[in-house]
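Step one of this worksheet: look at the structure below.
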Amino acid sequence: MPVDAKQESEVEGMKRASDFLRGAIREELANELSHVSNESEQILKFHGIYAQDNRDVRRERSLNGEELDYIFMIRVVIPGGRMTPGQWLGLDRVSSSVADGTIRLTTRQAVQFHGVVKDGLRPLARTLDAELMASFGACGDVVRNVVSCPSLQVDDADERLAQVAARLSRAFRPTTQAHWEIFVNGEKAVSREVVTERPFYGDTYLPRKFKIAVAHPDDNCVDVLAQDVGLIPGEHPEAGVGFNLLVGGGLGRSYSLPTTFARLADPMTFVTYDELEEVVAAVITTYRELGDRSDRKRARMKYLVADGGYETFRKEVESRLGRELRAPLALPNHFDAADHLGWRELRDGTCQVGVRVSAGRVRDVEGASRLRSALRVIAQTIPVTFFITPQQDILISRIAAKDRGAVAEILASHGVRSSEELGVVERTALACPALPTCSQALTESERRLPELVDNIESALGQRKLGRRSLQLRMTGCPNGCARPAVAEVGIVGRTKSTYDVYVGGGPRGDRLATLYREKVPFAEIAEVLGPLFDRWEGEGHADEPFGDFVTRVGVA
Ligand code: SRM
Ligand code: SF4
């Protein structure tokens, strides 16, 4: 796998010239403009900040010759999605003071704020810092928020699994102080020192983003095969407890580049707790040195693994590690994916409740669910731990038995529906934000999810399938942020008014979905799925999941 002499992409030069992610951000925050330069846009991503504009008014403003409605999206790093009540209250405060009043839970257990103006960036960063959180490293060409199944974090008796996401986050966070200088205590920027980055980053960081997730041995809610590095806890007959380590997963594609594709990770080795950081660092270093830095659309590690072949990649990792890797264990064959919703007793005698958050958008809807207020009251009055799930939902965990009734009462009095009241598709459906904030969106996703869920639930109801669960995931483009490529039904934005329909993935996350119909108008999606539902009703085995059925009969 030689690094050839291809021309570096423009972003590589910007990273190198940025003095470890400082660039001209400080100067541009101080000027009177409402937006930032292209260079700063790229470097700001490493700080967890995306420059956007409100696309609902883009056309009108352009036609009137007005400036676009420039806004920023800020993503907060929350390893394993775990937060204290104080941290939740900090997020709640900034959502009103500088953002659009919503808190958006992401498919990687992080939080996003939308609609922030330039002057709001520093107050937001300072509030996060005061609660020991930061947006730094949530985006950009670094290790992103490390995902971990919430059950691992509440069920592990010796706490090692509970801490693994935080441990990996700490190990792979860039070391530059740029973020704290620029956003938190600006005066230090004057006497800045250049901090040497960790060897696996260097001054151009990674070729692209890098994603790590830790699954539960029985529960693949994190979609462990869709990650650059996936970890599955297990016990090796000789090495003892540790993790099966998988490499080379990723789901994004681009319509303009047919050589891009979704890919499931390959099991590479088994590592013990003591070896974990060392082996992951060797994987990252291999990617840093050999990944494609000329074309950002093909720069993810999955292409390095796929192009050169998995065996070659493995040898490259071994040569950086200086020893041979152990063979991986067989993957679990009993994987399922919990939705973590509803009430559950925990090992330590406390309990938790998982609450559905449609498309991850925590907000108050007057006359309906006032989830944001309910969570605020709980955080203010009851000692709990919050977890965001990889399904964009929230868990209120570690509730003392004596407080269970109070939590249930707060949720009910704020109109928050219990898990028993949820529809079968609604319960697990995911959607990415898409319009109006996402610059890459070809069409709607989050805003049309409720209507799509209704249409599909009613199609199932008409066929005596009304009690069967179905995993639906929708995105506004093929980047795949809600992981439609591994869903039983994946709806992927194709043009301004149409979607491609994929079927055949499944809750275990171990199979890619197949393209079933192209360019389907939104209103026809449920109808197009109708003939498949007819066959599932007539020919499906009892309790056979939809994804397994369409795969068995050869539709997918
Ligand atoms: Fe994503 C880019 C939202 C999880 C693949 N993603 C974006 C951006 C930042 C758009 C942009 O580049 O301008 C979106 C922000 C829109 C907005 O207005 O908020 C965005 N991605 C999201 C979130 C919020 C979706 C959600 O509904 O929760 C998720 C945030 C995760 C986090 O907390 O870190 C999110 N994105 C994912 C996932 C799923 C996952 O990681 O488990 C994927 C597919 C897995 C993968 O990476 O292969 C994903 N997002 C992408 C890609 C395609 C990358 C590629 O390999 O080509 C892009 C485009 C890019 O990076 O250029 C992208
Ligand atoms: Fe934006 Fe596409 Fe990701 Fe949706 S899938 S948030 S439209 S980049």
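If you're wondering about the labels, chains in the structure tokens are A, B, ... by order shown, residues count from 1 in each chain, ligands from 1 in order shown.
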
Can you work out which residues are within 8 Å of ligand 2, considering only C-alpha atoms and all ligand atoms, and then hand them over as a ChimeraX atom specification? /A:431-435,438-445,475-482,492-493

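Residues lying within 8 Å of region 426-428 of chain A, counting only C-alpha atoms and ignoring same-chain neighbours fewer than 6 positions away, are Asp339, Arg356, Ser358, Gln391, Ser419, Pro450, Val453, Leu470, Gln471 and Leu472 of chain A.
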
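Proximity of A:Phe270, A:Tyr70, A:Tyr287, A:Tyr303 to ligand 1, computed with only C-alpha atoms and all ligand atoms, is greatest for A:Tyr303.
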
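Closest approach to Val224 (chain A) from the set A:Glu275, A:Asp53, A:Glu8, A:Asp510 is made by A:Asp510, with distances taken over only C-alpha atoms.
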
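Shortest atom-to-atom contact with ligand 1 among A:Asp228, A:Glu60, A:Asp364, A:Asp100: A:Asp228, counting only C-alpha atoms and all ligand atoms.
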
Could you list, as an MDAnalysis selection string, all protein and nucleic acid residues with an atom at most 7 Å from ligand 1, counting only C-alpha atoms and all ligand atoms? chainID A and resid 50 73 75 105:112 114 138:139 144:145 211 226:227 250:254 297 300 359:360 392 431:434 437:440 479:483

May I have the residues within 10 Å of Lys464 (chain A) as a list in words, using only C-alpha atoms and disregarding those fewer than 4 positions away in the same chain? Ala459, Leu460, Arg468, Phe533, Asp534 and Glu537 of chain A

Residues of region 13-119 of chain A in strand (DSSP E or B) according to DSSP, as a PDB file with N, CA, C and O atoms, in the first residue's frame?
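And here's part-v8.pdb as it stands now:
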```
ATOM      1  N   ILE A  49     -17.444  22.579  15.736  1.00  0.00           N
ATOM      2  CA  ILE A  49     -18.319  23.670  15.281  1.00  0.00           C
ATOM      3  C   ILE A  49     -18.460  23.636  13.758  1.00  0.00           C
ATOM      4  O   ILE A  49     -17.462  23.629  13.038  1.00  0.00           O
ATOM      5  N   TYR A  50     -19.693  23.601  13.284  1.00  0.00           N
ATOM      6  CA  TYR A  50     -19.955  23.598  11.840  1.00  0.00           C
ATOM      7  C   TYR A  50     -20.596  24.911  11.423  1.00  0.00           C
ATOM      8  O   TYR A  50     -21.602  25.314  12.003  1.00  0.00           O
ATOM      9  N   ALA A  51     -20.032  25.530  10.405  1.00  0.00           N
ATOM     10  CA  ALA A  51     -20.649  26.737   9.849  1.00  0.00           C
ATOM     11  C   ALA A  51     -21.796  26.299   8.937  1.00  0.00           C
ATOM     12  O   ALA A  51     -21.607  25.459   8.061  1.00  0.00           O
ATOM     13  N   GLN A  52     -22.986  26.834   9.168  1.00  0.00           N
ATOM     14  CA  GLN A  52     -24.155  26.468   8.358  1.00  0.00           C
ATOM     15  C   GLN A  52     -24.931  27.732   7.977  1.00  0.00           C
ATOM     16  O   GLN A  52     -24.605  28.836   8.435  1.00  0.00           O
ATOM     17  N   ASP A  53     -25.958  27.577   7.161  1.00  0.00           N
ATOM     18  CA  ASP A  53     -26.934  28.658   7.008  1.00  0.00           C
ATOM     19  C   ASP A  53     -28.309  28.023   6.960  1.00  0.00           C
ATOM     20  O   ASP A  53     -28.450  26.858   6.582  1.00  0.00           O
ATOM     21  N   TYR A  70     -26.651  33.100   8.432  1.00  0.00           N
ATOM     22  CA  TYR A  70     -25.541  32.259   8.898  1.00  0.00           C
ATOM     23  C   TYR A  70     -25.748  31.814  10.347  1.00  0.00           C
ATOM     24  O   TYR A  70     -26.062  32.640  11.216  1.00  0.00           O
ATOM     25  N   ILE A  71     -25.572  30.549  10.559  1.00  0.00           N
ATOM     26  CA  ILE A  71     -25.706  29.977  11.907  1.00  0.00           C
ATOM     27  C   ILE A  71     -24.612  28.924  12.089  1.00  0.00           C
ATOM     28  O   ILE A  71     -23.960  28.544  11.128  1.00  0.00           O
ATOM     29  N   PHE A  72     -24.448  28.459  13.311  1.00  0.00           N
ATOM     30  CA  PHE A  72     -23.463  27.410  13.579  1.00  0.00           C
ATOM     31  C   PHE A  72     -24.150  26.243  14.286  1.00  0.00           C
ATOM     32  O   PHE A  72     -25.099  26.441  15.044  1.00  0.00           O
ATOM     33  N   MET A  73     -23.627  25.050  14.009  1.00  0.00           N
ATOM     34  CA  MET A  73     -24.031  23.853  14.756  1.00  0.00           C
ATOM     35  C   MET A  73     -22.845  23.467  15.647  1.00  0.00           C
ATOM     36  O   MET A  73     -21.709  23.472  15.180  1.00  0.00           O
ATOM     37  N   ILE A  74     -23.130  23.180  16.892  1.00  0.00           N
ATOM     38  CA  ILE A  74     -22.062  22.773  17.820  1.00  0.00           C
ATOM     39  C   ILE A  74     -22.373  21.382  18.332  1.00  0.00           C
ATOM     40  O   ILE A  74     -23.472  21.108  18.806  1.00  0.00           O
ATOM     41  N   ARG A  75     -21.363  20.504  18.243  1.00  0.00           N
ATOM     42  CA  ARG A  75     -21.548  19.117  18.709  1.00  0.00           C
ATOM     43  C   ARG A  75     -20.683  18.906  19.947  1.00  0.00           C
ATOM     44  O   ARG A  75     -19.507  19.263  19.944  1.00  0.00           O
ATOM     45  N   VAL A  76     -21.267  18.331  20.985  1.00  0.00           N
ATOM     46  CA  VAL A  76     -20.565  18.169  22.259  1.00  0.00           C
ATOM     47  C   VAL A  76     -20.124  16.711  22.416  1.00  0.00           C
ATOM     48  O   VAL A  76     -20.912  15.793  22.194  1.00  0.00           O
ATOM     49  N   VAL A  77     -18.859  16.514  22.805  1.00  0.00           N
ATOM     50  CA  VAL A  77     -18.336  15.164  23.033  1.00  0.00           C
ATOM     51  C   VAL A  77     -18.906  14.623  24.348  1.00  0.00           C
ATOM     52  O   VAL A  77     -18.760  15.257  25.395  1.00  0.00           O
ATOM     53  N   ARG A  82     -22.794   9.430  28.518  1.00  0.00           N
ATOM     54  CA  ARG A  82     -23.085   9.457  29.958  1.00  0.00           C
ATOM     55  C   ARG A  82     -22.926  10.865  30.527  1.00  0.00           C
ATOM     56  O   ARG A  82     -21.927  11.531  30.305  1.00  0.00           O
ATOM     57  N   MET A  83     -23.919  11.317  31.285  1.00  0.00           N
ATOM     58  CA  MET A  83     -23.894  12.683  31.835  1.00  0.00           C
ATOM     59  C   MET A  83     -24.433  12.736  33.260  1.00  0.00           C
ATOM     60  O   MET A  83     -25.361  12.003  33.605  1.00  0.00           O
ATOM     61  N   ILE A 103     -32.356  20.449  22.190  1.00  0.00           N
ATOM     62  CA  ILE A 103     -31.117  19.711  22.432  1.00  0.00           C
ATOM     63  C   ILE A 103     -31.221  18.483  21.541  1.00  0.00           C
ATOM     64  O   ILE A 103     -32.151  17.694  21.680  1.00  0.00           O
ATOM     65  N   ARG A 104     -30.290  18.337  20.598  1.00  0.00           N
ATOM     66  CA  ARG A 104     -30.423  17.254  19.613  1.00  0.00           C
ATOM     67  C   ARG A 104     -29.487  16.101  19.978  1.00  0.00           C
ATOM     68  O   ARG A 104     -28.273  16.244  19.953  1.00  0.00           O
ATOM     69  N   LEU A 105     -30.080  14.964  20.373  1.00  0.00           N
ATOM     70  CA  LEU A 105     -29.293  13.788  20.714  1.00  0.00           C
ATOM     71  C   LEU A 105     -28.893  13.085  19.415  1.00  0.00           C
ATOM     72  O   LEU A 105     -29.716  12.946  18.511  1.00  0.00           O
ATOM     73  N   VAL A 111     -24.388  15.316  21.672  1.00  0.00           N
ATOM     74  CA  VAL A 111     -25.460  16.311  21.664  1.00  0.00           C
ATOM     75  C   VAL A 111     -25.101  17.395  20.657  1.00  0.00           C
ATOM     76  O   VAL A 111     -23.930  17.749  20.531  1.00  0.00           O
ATOM     77  N   GLN A 112     -26.081  17.882  19.936  1.00  0.00           N
ATOM     78  CA  GLN A 112     -25.846  19.009  19.028  1.00  0.00           C
ATOM     79  C   GLN A 112     -26.756  20.179  19.387  1.00  0.00           C
ATOM     80  O   GLN A 112     -27.901  19.984  19.799  1.00  0.00           O
ATOM     81  N   PHE A 113     -26.201  21.377  19.182  1.00  0.00           N
ATOM     82  CA  PHE A 113     -27.003  22.594  19.258  1.00  0.00           C
ATOM     83  C   PHE A 113     -27.059  23.207  17.873  1.00  0.00           C
ATOM     84  O   PHE A 113     -26.040  23.268  17.181  1.00  0.00           O
ATOM     85  N   HIS A 114     -28.234  23.682  17.509  1.00  0.00           N
ATOM     86  CA  HIS A 114     -28.408  24.309  16.196  1.00  0.00           C
ATOM     87  C   HIS A 114     -28.779  25.787  16.353  1.00  0.00           C
ATOM     88  O   HIS A 114     -29.309  26.190  17.388  1.00  0.00           O
ATOM     89  N   GLY A 115     -28.510  26.547  15.297  1.00  0.00           N
ATOM     90  CA  GLY A 115     -28.972  27.934  15.251  1.00  0.00           C
ATOM     91  C   GLY A 115     -28.173  28.885  16.125  1.00  0.00           C
ATOM     92  O   GLY A 115     -28.692  29.935  16.532  1.00  0.00           O
ATOM     93  N   VAL A 116     -26.923  28.562  16.424  1.00  0.00           N
ATOM     94  CA  VAL A 116     -26.099  29.439  17.277  1.00  0.00           C
ATOM     95  C   VAL A 116     -25.457  30.510  16.383  1.00  0.00           C
ATOM     96  O   VAL A 116     -24.963  30.196  15.297  1.00  0.00           O
TER      97      VAL A 116
END
```

What is the CA of Glu457 (chain A)-CA of Val489 (chain A) distance in Å, reported with one decimal? 12.8 Å

Mind the document's chain letters and residue numbers, and return as JSON, numbers by chain the residues of region 29-152 of chain A that DSSP labels alpha helix (DSSP H). {"A": [29, 30, 38, 39, 40, 41, 42, 43, 44, 45, 46, 58, 59, 60, 61, 62, 63, 85, 86, 87, 88, 89, 90, 91, 92, 93, 94, 95, 96, 97, 121, 122, 123, 124, 125, 126, 127, 128, 129, 130, 150, 151, 152]}

What is the CA of Arg170 (chain A) to CA of Lys315 (chain A) distance in Å? 27.0 Å

What's around Glu421 (chain A) at 12 Å? Count only C-alpha atoms, leave out sequence neighbours fewer than 2 positions away in its own chain, and write the answer as number ranges by chain. A: 341-342, 355-356, 412, 415-419, 423-427

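Ranking A:Ala281, A:Leu206, A:Ile456, A:Leu329 by their shortest atom-to-atom distance to Glu238 (chain A), with only C-alpha atoms included, puts A:Leu329 first.
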
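In this model, the gap between CA of Ala379 (chain A) and CA of Pro85 (chain A) comes to 4.6 Å.
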
Show which residues sit within 7 Å of Ser9 (chain A), as a PyMOL selection string. Count only C-alpha atoms, and ignore same-chain residues fewer than 2 positions away. chain A and resi 7+11-12+293-295

Mind checking which residues fall within 8 Å of region 346-349 of chain A, counting only C-alpha atoms, ignoring those fewer than 4 positions away in the same chain, and posting them as a ChimeraX atom specification? /A:154-155,398,400-401

Give me a file of those residues, with all heavy atoms, as a compact mmCIF listing (two decimals), in the first residue's frame.
```
# COMPACT_ATOMS: atom_id res chain seq x y z
N VAL A 154 -23.81 0.22 32.93
CA VAL A 154 -24.53 0.07 34.21
C VAL A 154 -24.47 -1.35 34.76
O VAL A 154 -24.79 -1.56 35.92
CB VAL A 154 -26.02 0.50 34.09
CG1 VAL A 154 -26.12 1.99 33.89
CG2 VAL A 154 -26.74 -0.25 32.99
N ASP A 155 -24.02 -2.30 33.93
CA ASP A 155 -24.07 -3.70 34.38
C ASP A 155 -22.73 -4.28 34.76
O ASP A 155 -22.66 -5.38 35.27
CB ASP A 155 -24.65 -4.59 33.26
CG ASP A 155 -26.15 -4.45 33.18
OD1 ASP A 155 -26.72 -3.92 34.14
OD2 ASP A 155 -26.73 -4.85 32.17
N ARG A 398 -29.86 4.76 37.13
CA ARG A 398 -29.44 4.78 38.53
C ARG A 398 -30.44 5.56 39.40
O ARG A 398 -30.06 6.38 40.25
CB ARG A 398 -28.04 5.38 38.68
CG ARG A 398 -26.97 4.60 37.93
CD ARG A 398 -25.83 4.21 38.85
NE ARG A 398 -25.13 3.02 38.41
CZ ARG A 398 -24.09 2.99 37.55
NH1 ARG A 398 -23.64 4.10 37.05
NH2 ARG A 398 -23.53 1.86 37.22
N ALA A 400 -32.80 5.66 42.43
CA ALA A 400 -33.01 4.90 43.67
C ALA A 400 -34.46 4.41 43.69
O ALA A 400 -35.36 5.11 43.21
CB ALA A 400 -32.73 5.79 44.87
N ALA A 401 -34.68 3.22 44.27
CA ALA A 401 -36.03 2.64 44.28
C ALA A 401 -37.05 3.64 44.84
O ALA A 401 -38.16 3.76 44.33
CB ALA A 401 -36.01 1.36 45.09
```
